[in-house]
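See below for upload-v3.cif, which holds mmCIF, C-alpha atoms and all ligand atoms.
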```cif
data_model
loop_
_atom_site.label_atom_id
_atom_site.label_comp_id
_atom_site.auth_asym_id
_atom_site.auth_seq_id
_atom_site.Cartn_x
_atom_site.Cartn_y
_atom_site.Cartn_z
CA MET B 1 0.00 0.00 0.00
CA VAL B 2 1.25 3.43 -0.85
CA ASP B 3 1.81 5.95 1.91
CA PHE B 4 0.13 9.20 0.98
CA GLU B 5 1.41 11.39 3.74
CA PHE B 6 2.25 14.54 1.81
CA THR B 7 5.57 16.28 2.25
CA ASP B 8 5.56 19.85 3.58
CA GLU B 9 6.24 21.09 0.06
CA GLN B 10 3.34 19.12 -1.46
CA ALA B 11 0.96 20.37 1.25
CA MET B 12 2.20 23.93 0.70
CA ILE B 13 1.56 23.73 -3.05
CA ARG B 14 -1.93 22.32 -2.50
CA ASN B 15 -2.69 25.16 -0.06
CA ALA B 16 -1.33 27.79 -2.44
CA ALA B 17 -3.49 26.38 -5.27
CA ARG B 18 -6.54 26.22 -3.00
CA ASP B 19 -6.02 29.80 -1.90
CA PHE B 20 -5.59 31.03 -5.47
CA ALA B 21 -8.60 29.04 -6.69
CA ASP B 22 -10.85 30.42 -3.96
CA LYS B 23 -9.68 34.01 -4.21
CA GLU B 24 -8.96 34.47 -7.91
CA LEU B 25 -10.80 31.82 -9.94
CA ALA B 26 -14.07 30.87 -8.29
CA ALA B 27 -15.94 34.19 -8.43
CA GLY B 28 -15.60 34.74 -12.19
CA ALA B 29 -15.91 31.13 -13.38
CA ALA B 30 -19.65 31.19 -14.11
CA GLU B 31 -19.46 34.45 -16.06
CA ARG B 32 -16.46 33.32 -18.10
CA ASP B 33 -18.36 30.10 -18.84
CA GLU B 34 -21.42 32.03 -19.99
CA LYS B 35 -19.37 34.40 -22.19
CA GLU B 36 -16.91 31.74 -23.43
CA GLN B 37 -14.21 34.08 -22.19
CA PHE B 38 -10.65 32.72 -22.02
CA PRO B 39 -9.18 33.34 -18.53
CA SER B 40 -6.08 35.21 -19.79
CA GLU B 41 -5.38 37.21 -16.63
CA GLU B 42 -5.97 34.23 -14.39
CA ILE B 43 -3.62 32.03 -16.44
CA LYS B 44 -0.96 34.76 -16.22
CA LYS B 45 -1.25 34.66 -12.43
CA MET B 46 -1.13 30.87 -12.43
CA ALA B 47 2.11 31.12 -14.42
CA GLU B 48 3.54 33.46 -11.77
CA LEU B 49 2.75 30.81 -9.16
CA GLY B 50 4.64 28.22 -11.24
CA PHE B 51 1.51 26.26 -12.20
CA MET B 52 2.06 26.22 -15.97
CA GLY B 53 5.28 24.19 -15.95
CA MET B 54 5.07 22.47 -12.60
CA MET B 55 7.09 19.33 -13.33
CA VAL B 56 9.80 20.96 -15.44
CA PRO B 57 13.11 21.48 -13.60
CA GLU B 58 13.81 25.03 -12.50
CA GLU B 59 16.86 25.37 -14.77
CA ALA B 60 14.58 24.61 -17.74
CA GLY B 61 12.11 27.33 -16.77
CA GLY B 62 9.68 25.29 -14.65
CA ALA B 63 8.81 24.97 -10.98
CA GLY B 64 10.69 21.71 -10.36
CA MET B 65 7.85 19.95 -8.56
CA ASP B 66 6.69 16.34 -8.66
CA THR B 67 3.57 14.82 -10.21
CA VAL B 68 1.89 14.38 -6.81
CA SER B 69 2.10 18.16 -6.26
CA TYR B 70 0.73 18.67 -9.77
CA VAL B 71 -2.28 16.44 -9.04
CA LEU B 72 -3.01 18.29 -5.80
CA ALA B 73 -2.75 21.71 -7.45
CA LEU B 74 -4.78 20.74 -10.51
CA GLU B 75 -7.59 19.34 -8.35
CA GLU B 76 -7.82 22.65 -6.51
CA ILE B 77 -7.73 24.77 -9.67
CA SER B 78 -10.40 22.58 -11.34
CA ARG B 79 -12.61 22.67 -8.23
CA ALA B 80 -13.00 26.39 -8.84
CA ASP B 81 -12.77 26.47 -12.64
CA ALA B 82 -12.49 23.31 -14.75
CA SER B 83 -11.66 25.41 -17.83
CA ALA B 84 -8.57 26.84 -16.15
CA GLY B 85 -7.85 23.23 -15.13
CA VAL B 86 -7.69 21.89 -18.67
CA ILE B 87 -5.62 24.85 -19.91
CA MET B 88 -3.13 24.10 -17.15
CA SER B 89 -3.26 20.34 -17.74
CA VAL B 90 -2.55 20.60 -21.47
CA ASN B 91 0.35 23.01 -21.06
CA ASN B 92 1.94 20.92 -18.29
CA SER B 93 1.22 17.34 -19.34
CA LEU B 94 0.81 17.39 -23.10
CA VAL B 95 3.28 20.10 -24.04
CA CYS B 96 6.01 20.72 -21.45
CA TRP B 97 6.44 17.10 -20.41
CA GLY B 98 7.33 15.79 -23.86
CA LEU B 99 9.67 18.68 -24.63
CA GLU B 100 11.47 18.16 -21.35
CA LYS B 101 11.74 14.41 -21.83
CA PHE B 102 12.60 14.24 -25.54
CA GLY B 103 13.52 17.74 -26.69
CA ASN B 104 17.12 18.56 -27.63
CA ASP B 105 19.06 21.49 -26.09
CA MET B 106 17.93 23.96 -28.75
CA GLN B 107 14.28 22.91 -28.40
CA LYS B 108 14.42 23.16 -24.63
CA GLU B 109 16.01 26.60 -24.68
CA LYS B 110 13.85 28.06 -27.43
CA TYR B 111 10.48 26.43 -26.71
CA LEU B 112 10.35 24.70 -23.33
CA LYS B 113 11.64 27.62 -21.24
CA PRO B 114 8.96 30.13 -22.22
CA LEU B 115 6.26 27.43 -22.14
CA ALA B 116 7.23 26.14 -18.71
CA SER B 117 7.40 29.61 -17.23
CA GLY B 118 3.97 30.37 -18.71
CA LYS B 119 5.23 33.24 -20.89
CA ARG B 120 3.91 31.29 -23.84
CA LEU B 121 1.07 28.79 -24.12
CA GLY B 122 1.16 25.39 -25.80
CA ALA B 123 -1.30 23.05 -27.53
CA PHE B 124 -1.13 19.38 -28.53
CA CYS B 125 -2.38 18.52 -32.01
CA LEU B 126 -3.16 14.83 -32.44
CA SER B 127 -6.89 14.50 -33.18
CA GLU B 128 -8.18 14.96 -36.71
CA PRO B 129 -11.60 14.84 -38.36
CA GLU B 130 -11.01 11.13 -39.03
CA ALA B 131 -8.50 10.32 -36.28
CA GLY B 132 -10.04 10.55 -32.81
CA SER B 133 -9.94 7.27 -30.88
CA ASP B 134 -8.20 5.71 -33.90
CA ALA B 135 -5.24 8.01 -33.46
CA VAL B 136 -2.91 6.08 -35.82
CA ASN B 137 -5.09 7.13 -38.74
CA GLN B 138 -3.27 10.45 -39.23
CA ARG B 139 -4.04 12.26 -42.49
CA THR B 140 -1.91 15.32 -41.81
CA THR B 141 1.29 14.95 -43.82
CA ALA B 142 4.79 16.33 -43.35
CA VAL B 143 6.91 16.06 -46.47
CA ARG B 144 10.64 16.72 -46.23
CA ASP B 145 11.95 19.35 -48.64
CA GLY B 146 15.58 20.19 -47.93
CA ASP B 147 15.82 21.99 -44.61
CA ILE B 148 12.09 22.11 -44.00
CA TYR B 149 9.01 19.90 -43.79
CA LEU B 150 5.90 20.97 -45.66
CA LEU B 151 2.94 20.46 -43.32
CA ASN B 152 -0.60 19.97 -44.67
CA GLY B 153 -3.76 18.82 -42.92
CA THR B 154 -6.43 19.57 -40.34
CA LYS B 155 -6.39 19.04 -36.58
CA ASN B 156 -9.62 18.94 -34.57
CA PHE B 157 -10.67 19.70 -30.99
CA ILE B 158 -7.41 21.41 -30.11
CA THR B 159 -7.48 22.67 -26.53
CA ASN B 160 -5.76 26.10 -26.30
CA GLY B 161 -5.72 26.09 -30.12
CA ALA B 162 -6.60 29.73 -30.75
CA ASN B 163 -4.62 31.13 -27.82
CA ALA B 164 -1.52 28.95 -28.08
CA ASP B 165 1.84 30.23 -29.29
CA VAL B 166 3.44 26.83 -29.82
CA LEU B 167 1.87 23.64 -31.18
CA LEU B 168 3.13 20.06 -30.89
CA VAL B 169 1.84 18.48 -34.07
CA MET B 170 1.69 14.80 -35.02
CA ALA B 171 1.87 14.18 -38.78
CA THR B 172 2.59 11.31 -41.15
CA THR B 173 6.04 11.32 -42.69
CA ASP B 174 5.71 7.82 -44.17
CA LYS B 175 2.22 6.48 -44.91
CA THR B 176 3.49 2.94 -45.51
CA LYS B 177 4.69 2.55 -41.92
CA GLY B 178 1.44 3.12 -39.93
CA ALA B 179 2.15 4.16 -36.35
CA LYS B 180 5.90 4.08 -37.04
CA GLY B 181 5.42 6.56 -39.90
CA VAL B 182 4.09 9.31 -37.61
CA SER B 183 6.43 12.10 -36.48
CA ALA B 184 6.08 14.90 -33.93
CA PHE B 185 6.89 18.53 -34.75
CA ILE B 186 7.19 21.77 -32.81
CA VAL B 187 5.28 24.37 -34.81
CA GLU B 188 5.22 28.09 -34.09
CA LYS B 189 1.59 29.23 -34.36
CA SER B 190 2.75 32.44 -36.04
CA LEU B 191 4.22 30.56 -39.04
CA PRO B 192 2.57 31.27 -42.40
CA GLY B 193 0.18 28.46 -43.26
CA VAL B 194 -1.06 27.88 -39.69
CA ILE B 195 -4.74 28.78 -39.71
CA VAL B 196 -7.23 28.72 -36.84
CA SER B 197 -10.04 27.51 -39.08
CA LYS B 198 -12.83 27.16 -36.50
CA LYS B 199 -13.53 28.05 -32.90
CA GLU B 200 -15.77 25.43 -31.29
CA HIS B 201 -18.77 26.24 -29.09
CA LYS B 202 -19.06 23.61 -26.40
CA LEU B 203 -21.40 22.14 -23.81
CA GLY B 204 -18.89 22.62 -20.99
CA ILE B 205 -15.41 23.93 -20.18
CA ARG B 206 -16.61 26.86 -22.26
CA SER B 207 -14.01 29.39 -21.17
CA SER B 208 -11.19 27.12 -22.36
CA ASP B 209 -10.60 27.46 -26.05
CA THR B 210 -11.07 24.58 -28.45
CA ALA B 211 -10.21 25.15 -32.08
CA GLN B 212 -9.73 23.46 -35.40
CA ILE B 213 -6.33 24.18 -36.87
CA THR B 214 -5.50 23.82 -40.54
CA PHE B 215 -1.99 23.63 -41.97
CA GLN B 216 -1.59 24.81 -45.54
CA ASP B 217 1.92 24.37 -46.95
CA CYS B 218 3.32 25.37 -43.58
CA ARG B 219 7.15 25.28 -43.67
CA VAL B 220 8.46 23.75 -40.45
CA PRO B 221 12.26 23.76 -39.91
CA LYS B 222 13.73 20.25 -39.85
CA GLU B 223 15.30 21.06 -36.44
CA ASN B 224 11.79 21.05 -35.02
CA VAL B 225 11.26 17.29 -35.28
CA ILE B 226 11.01 15.83 -31.79
CA LYS B 227 13.65 13.12 -31.32
CA GLU B 228 13.52 11.58 -34.80
CA GLU B 229 11.23 10.78 -37.70
CA GLY B 230 8.82 7.96 -36.85
CA PHE B 231 8.79 8.67 -33.10
CA GLY B 232 5.57 10.71 -33.18
CA PHE B 233 2.96 8.08 -32.31
CA LYS B 234 4.91 6.62 -29.40
CA PHE B 235 5.56 10.20 -28.29
CA ALA B 236 1.85 10.97 -28.37
CA MET B 237 0.91 7.83 -26.45
CA MET B 238 3.55 8.37 -23.76
CA THR B 239 2.48 12.00 -23.48
CA LEU B 240 -1.16 11.00 -23.13
CA ASP B 241 -0.30 8.61 -20.29
CA GLY B 242 0.70 11.67 -18.25
CA GLY B 243 -2.16 13.73 -19.67
CA ARG B 244 -4.64 11.21 -18.32
CA ILE B 245 -3.37 11.83 -14.78
CA GLY B 246 -4.08 15.51 -15.39
CA ILE B 247 -7.63 14.90 -16.63
CA ALA B 248 -8.30 12.54 -13.71
CA SER B 249 -7.24 15.38 -11.38
CA GLN B 250 -9.49 17.81 -13.24
CA ALA B 251 -12.40 15.37 -12.88
CA ILE B 252 -11.80 15.02 -9.13
CA GLY B 253 -11.78 18.81 -8.79
CA ILE B 254 -15.19 18.99 -10.48
CA ALA B 255 -16.54 16.16 -8.31
CA ARG B 256 -15.32 17.90 -5.17
CA ALA B 257 -16.99 21.12 -6.25
CA ALA B 258 -20.26 19.21 -6.74
CA LEU B 259 -19.97 17.67 -3.27
CA ASP B 260 -19.06 21.00 -1.63
CA ALA B 261 -22.06 22.73 -3.23
CA SER B 262 -24.31 19.90 -2.07
CA LEU B 263 -22.98 19.99 1.49
CA LYS B 264 -23.68 23.72 1.63
CA TYR B 265 -27.18 23.35 0.19
CA VAL B 266 -28.33 20.54 2.49
CA LYS B 267 -27.45 22.65 5.52
CA GLU B 268 -29.53 25.58 4.27
CA ARG B 269 -32.56 24.01 2.60
CA LYS B 270 -35.50 22.63 4.54
CA ALA B 271 -38.30 20.31 3.41
CA PHE B 272 -41.00 18.76 5.55
CA ASP B 273 -39.69 20.81 8.54
CA GLN B 274 -36.23 19.24 8.35
CA TYR B 275 -32.95 20.30 6.84
CA LEU B 276 -32.13 18.15 3.82
CA ARG B 277 -29.05 16.84 5.63
CA GLU B 278 -31.34 15.02 8.06
CA PHE B 279 -32.88 12.81 5.38
CA GLN B 280 -31.17 9.46 5.06
CA ALA B 281 -31.75 9.45 1.30
CA ILE B 282 -29.63 12.61 1.09
CA GLN B 283 -27.04 11.32 3.57
CA PHE B 284 -26.53 8.18 1.46
CA LYS B 285 -25.93 10.27 -1.65
CA LEU B 286 -23.34 12.38 0.16
CA ALA B 287 -21.65 9.30 1.60
CA GLU B 288 -21.37 7.71 -1.82
CA MET B 289 -20.06 10.89 -3.44
CA HIS B 290 -17.42 11.35 -0.73
CA THR B 291 -16.29 7.71 -0.91
CA ASN B 292 -15.99 7.71 -4.69
CA ILE B 293 -14.07 10.99 -4.69
CA GLU B 294 -11.61 9.61 -2.16
CA ALA B 295 -11.18 6.43 -4.23
CA ALA B 296 -10.59 8.45 -7.40
CA HIS B 297 -8.10 10.65 -5.57
CA LEU B 298 -6.15 7.62 -4.34
CA LEU B 299 -6.09 5.99 -7.79
CA THR B 300 -4.81 9.23 -9.29
CA LEU B 301 -2.15 9.69 -6.63
CA SER B 302 -1.07 6.11 -7.15
CA ALA B 303 -0.53 6.79 -10.88
CA ALA B 304 1.32 10.03 -10.06
CA LEU B 305 3.57 8.28 -7.57
CA LYS B 306 4.47 5.60 -10.14
CA LYS B 307 5.32 8.33 -12.64
CA ASP B 308 7.48 10.12 -10.07
CA ARG B 309 9.29 6.85 -9.34
CA GLY B 310 10.07 6.39 -13.03
CA GLU B 311 7.90 3.26 -13.28
CA LYS B 312 5.50 2.47 -16.13
CA PHE B 313 2.13 3.97 -15.30
CA THR B 314 0.06 3.49 -18.48
CA LYS B 315 -2.52 1.24 -16.79
CA GLU B 316 -2.69 3.30 -13.59
CA ALA B 317 -3.25 6.54 -15.50
CA ALA B 318 -6.01 4.94 -17.59
CA MET B 319 -7.69 3.51 -14.46
CA ALA B 320 -7.49 6.89 -12.72
CA LYS B 321 -9.05 8.71 -15.68
CA LEU B 322 -11.71 6.05 -16.29
CA PHE B 323 -12.81 6.06 -12.67
CA ALA B 324 -12.41 9.75 -11.85
CA SER B 325 -14.32 10.89 -14.93
CA LYS B 326 -17.26 8.64 -14.06
CA VAL B 327 -17.17 9.90 -10.47
CA ALA B 328 -17.25 13.49 -11.75
CA VAL B 329 -20.32 12.86 -13.91
CA ASP B 330 -22.08 10.85 -11.16
CA CYS B 331 -21.33 13.47 -8.48
CA ALA B 332 -22.52 16.32 -10.69
CA LEU B 333 -25.75 14.45 -11.45
CA GLU B 334 -26.34 13.71 -7.76
CA ALA B 335 -25.60 17.32 -6.88
CA ILE B 336 -28.32 18.44 -9.29
CA GLN B 337 -30.73 15.88 -7.82
CA ILE B 338 -29.98 17.11 -4.30
CA HIS B 339 -30.62 20.70 -5.39
CA GLY B 340 -33.89 19.67 -7.04
CA GLY B 341 -35.31 22.25 -9.43
CA TYR B 342 -32.70 24.80 -8.36
CA GLY B 343 -29.98 22.46 -9.56
CA TYR B 344 -31.33 22.80 -13.08
CA LEU B 345 -30.95 26.57 -13.05
CA LYS B 346 -27.95 28.72 -13.90
CA ASP B 347 -28.41 30.44 -10.51
CA PHE B 348 -26.55 27.53 -8.91
CA PRO B 349 -23.18 26.17 -10.06
CA VAL B 350 -24.07 22.47 -10.21
CA GLU B 351 -25.43 22.49 -13.78
CA ARG B 352 -22.00 23.82 -14.88
CA TYR B 353 -20.28 21.00 -13.02
CA LEU B 354 -22.28 18.44 -15.02
CA ARG B 355 -21.48 20.16 -18.33
CA ASP B 356 -17.80 20.38 -17.37
CA ALA B 357 -17.64 16.81 -16.05
CA LYS B 358 -18.88 15.15 -19.24
CA ILE B 359 -15.82 16.02 -21.31
CA THR B 360 -13.53 14.17 -18.90
CA GLU B 361 -15.10 10.93 -20.18
CA ILE B 362 -14.22 11.92 -23.74
CA TYR B 363 -10.98 13.84 -24.24
CA GLU B 364 -7.46 12.42 -23.87
CA GLY B 365 -9.00 9.05 -24.69
CA THR B 366 -12.66 8.15 -24.21
CA SER B 367 -13.66 5.82 -21.36
CA GLU B 368 -13.93 3.06 -23.96
CA ILE B 369 -10.29 3.66 -24.98
CA GLN B 370 -9.22 3.61 -21.31
CA ARG B 371 -10.89 0.21 -20.94
CA ILE B 372 -8.98 -1.04 -23.99
CA VAL B 373 -5.69 0.21 -22.53
CA ILE B 374 -6.42 -1.35 -19.12
CA ALA B 375 -7.62 -4.66 -20.59
CA ARG B 376 -4.52 -4.99 -22.76
CA GLU B 377 -2.30 -4.51 -19.72
CA VAL B 378 -4.34 -6.85 -17.52
CA LEU B 379 -4.27 -9.55 -20.20
CA GLY B 380 -0.58 -9.00 -20.84
CA LEU B 381 -1.25 -8.14 -24.48
CA LYS B 382 1.13 -5.14 -24.33
N1 LIG Z 1 3.46 4.14 -24.27
C1 LIG Z 1 4.40 3.88 -25.19
N2 LIG Z 1 4.13 3.32 -26.40
C2 LIG Z 1 2.83 3.05 -26.67
C3 LIG Z 1 1.80 3.32 -25.77
C4 LIG Z 1 2.14 3.89 -24.52
N3 LIG Z 1 1.22 4.17 -23.60
N4 LIG Z 1 0.63 2.94 -26.33
C5 LIG Z 1 0.91 2.46 -27.55
N5 LIG Z 1 2.25 2.54 -27.75
C6 LIG Z 1 3.00 2.08 -28.92
C7 LIG Z 1 2.78 0.59 -29.12
O1 LIG Z 1 3.69 -0.14 -28.32
C8 LIG Z 1 3.05 0.43 -30.60
O2 LIG Z 1 4.45 0.43 -30.85
P1 LIG Z 1 5.19 -0.92 -31.32
O3 LIG Z 1 4.56 -1.30 -32.61
O4 LIG Z 1 6.63 -0.49 -31.43
O5 LIG Z 1 4.94 -1.92 -30.24
C9 LIG Z 1 2.49 1.71 -31.19
O6 LIG Z 1 2.47 2.66 -30.12
C10 LIG Z 1 1.11 1.54 -31.75
O7 LIG Z 1 0.26 1.17 -30.69
P2 LIG Z 1 -0.98 0.21 -30.83
O8 LIG Z 1 -0.62 -0.95 -31.70
O9 LIG Z 1 -1.48 -0.07 -29.47
O10 LIG Z 1 -1.99 1.15 -31.65
P3 LIG Z 1 -3.56 1.06 -31.83
O11 LIG Z 1 -3.90 1.56 -33.17
O12 LIG Z 1 -4.04 -0.28 -31.41
O13 LIG Z 1 -4.12 2.21 -30.83
C11 LIG Z 1 -4.90 3.19 -28.83
C12 LIG Z 1 -3.89 2.29 -29.52
C13 LIG Z 1 -4.66 2.93 -27.35
C14 LIG Z 1 -6.33 2.89 -29.17
C15 LIG Z 1 -4.56 4.65 -29.19
O14 LIG Z 1 -4.87 4.92 -30.55
C16 LIG Z 1 -5.25 5.67 -28.33
O15 LIG Z 1 -4.82 5.91 -27.19
N6 LIG Z 1 -6.31 6.30 -28.84
C17 LIG Z 1 -6.92 7.45 -28.15
C18 LIG Z 1 -6.26 8.71 -28.58
C19 LIG Z 1 -6.44 9.80 -27.60
O16 LIG Z 1 -6.31 9.64 -26.39
N7 LIG Z 1 -6.70 10.98 -28.12
C20 LIG Z 1 -6.82 12.14 -27.32
C21 LIG Z 1 -6.54 13.34 -28.13
S1 LIG Z 1 -5.57 14.53 -27.32
C22 LIG Z 1 -6.64 15.44 -26.41
O17 LIG Z 1 -7.76 15.13 -26.14
C23 LIG Z 1 -5.99 16.63 -25.85
C24 LIG Z 1 -6.75 17.77 -25.47
O18 LIG Z 1 -6.73 18.77 -26.18
C25 LIG Z 1 -7.40 17.84 -24.15
#
```
Can you dump the structure from the file as structure tokens?
Ligand code: CAA
Amino acid sequence: MVDFEFTDEQAMIRNAARDFADKELAAGAAERDEKEQFPSEEIKKMAELGFMGMMVPEEAGGAGMDTVSYVLALEEISRADASAGVIMSVNNSLVCWGLEKFGNDMQKEKYLKPLASGKRLGAFCLSEPEAGSDAVNQRTTAVRDGDIYLLNGTKNFITNGANADVLLVMATTDKTKGAKGVSAFIVEKSLPGVIVSKKEHKLGIRSSDTAQITFQDCRVPKENVIKEEGFGFKFAMMTLDGGRIGIASQAIGIARAALDASLKYVKERKAFDQYLREFQAIQFKLAEMHTNIEAAHLLTLSAALKKDRGEKFTKEAAMAKLFASKVAVDCALEAIQIHGGYGYLKDFPVERYLRDAKITEIYEGTSEIQRIVIAREVLGLK
């Protein structure tokens, strides 16, 4: 059994994130959601606190913290604002991590440093109109032409897409090789031929930006290949292992918010001359929500600890995301039920929690994909 007594530093980071979330994020979250307004100022402040490159060493521009601290901070941020949570998760897990792990000195100096310090924002471009769960099916092509690659294709559902400065883009360099013919590129968003072709309007996490990005004869310097040609699919899968810990943390934050709102409501609302908290039917709901949140938290910490120890954590990350995302949806639904008719109104935050929770069962691998990943590991097929 893993000992989850947090170090002083981990507890301090969690408290700092909680404080920031309560004071700076919570109050404006509903309005930003309504207006689909990107939390630019809030993200700037999160960068100042070191939250945009938490696991990157200090000499490379980051905060030099471990994954456990990251999970604790991301839960707190997402409890107040799940949109800020996913912006933070993508920059940390899907962008900075891979550059730190596989980038060369030039790439780390030029791209990782400003991304990890939060001076610039990153996005991860894997999904395409015809490559979602079936991520190998990449249609975007990168054709070598002397010192550059010519990039053409369309990427879908790109979190941070419109606001990002730097994109990590997966593209096919050799169609005949399947997964081994996919390569990963660092692409400056300001390059000619990078077009934000559509801004999506979403059910939830509405103040995070999700965009379609099209590449039209975009000339990417050959130095911007990550590691080597053909490494892109493995790179994406390894990156997503860590990303799934981030989304699990985001889901737990949403679930906690749903429980907190419910705990507050049942102490204020009376029916049949009793506070709601006195009804056993309500107590059972709260007990179940609390238990499931704790279980999701422990699964996620267990995946984070494995990652920090340098062990393989593919299965643990998939289990954490699978479970935590379901807990988030279930808790948000129960919170609405506890609030009754009020839960269905925009006057209370619980309807937003449900809308925000649903995406955690979809992005960075649907729950069905997580089950495939877990089953393969359990059966020893991988
Ligand atoms: N770590 C390292 N390597 C891995 C890996 C992992 N976790 N998973 C797969 N690979 C390797 C395999 O070992 C294999 O390499 P070899 O041939 O050398 O053994 C290669 O990658 C191909 O893997 P598979 O044969 O398993 O490929 P597959 O076609 O069966 O697909 C899949 C596997 C698990 C279904 C994968 O396609 C997948 O995860 N799909 C979901 C994609 C996803 O999560 N998309 C999210 C988009 S990003 C997003 O949402 C971000 C956002 O903005 C919030």
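Of the residues listed (B:Arg277, B:Lys312, B:Lys175, B:Lys321), B:Lys321 shows the shortest atom-to-atom separation from B:His297; distances use all atoms listed in the file.
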### Message
Please find the residues contacting ligand LIG 1 (chain Z) at a distance of at most 7 Å between atoms, with all atoms listed in the file counted, and report them as a ChimeraX atom specification.
### Response
/B:86,90,124-127,132-136,157-159,179,233-234,237-238,240-241,314,363-366,369,372-373,382
### Task
Identify which of the residues B:Glu368, B:Asp260, B:Glu294, B:Glu288 lies closest to B:Val350, counting all atoms listed in the file when measuring atom-to-atom distances.
B:Asp260
Contacts of B:Lys198 at 8 Å (all atoms listed in the file; same-chain gap of 3+ positions) as a CSV table (one decimal) with C-alpha atoms, in the frame of the given file:
```
chain,number,residue,atom,x,y,z
B,211,ALA,CA,-10.2,25.2,-32.1
B,212,GLN,CA,-9.7,23.5,-35.4
B,213,ILE,CA,-6.3,24.2,-36.9
```
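Of the listed residues (B:Asp356, B:Asp308, B:Glu229, B:Asp33), B:Asp308 comes nearest to B:Ser69; the distances count all atoms listed in the file.
Using all atoms listed in the file, the smallest distance between any of B:Lys306, B:Arg355, B:Lys155, B:Lys285 and B:Ala335 comes from B:Lys285.
Of the listed residues (B:Lys101, B:Arg32, B:Arg371, B:Lys44), B:Lys101 comes nearest to B:Ile226; the distances count all atoms listed in the file.
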### Option closest in space to B:Ala73, from B:Gly343, B:Gly61, B:Gly246, B:Gly204 [counting all atoms listed in the file]
B:Gly246
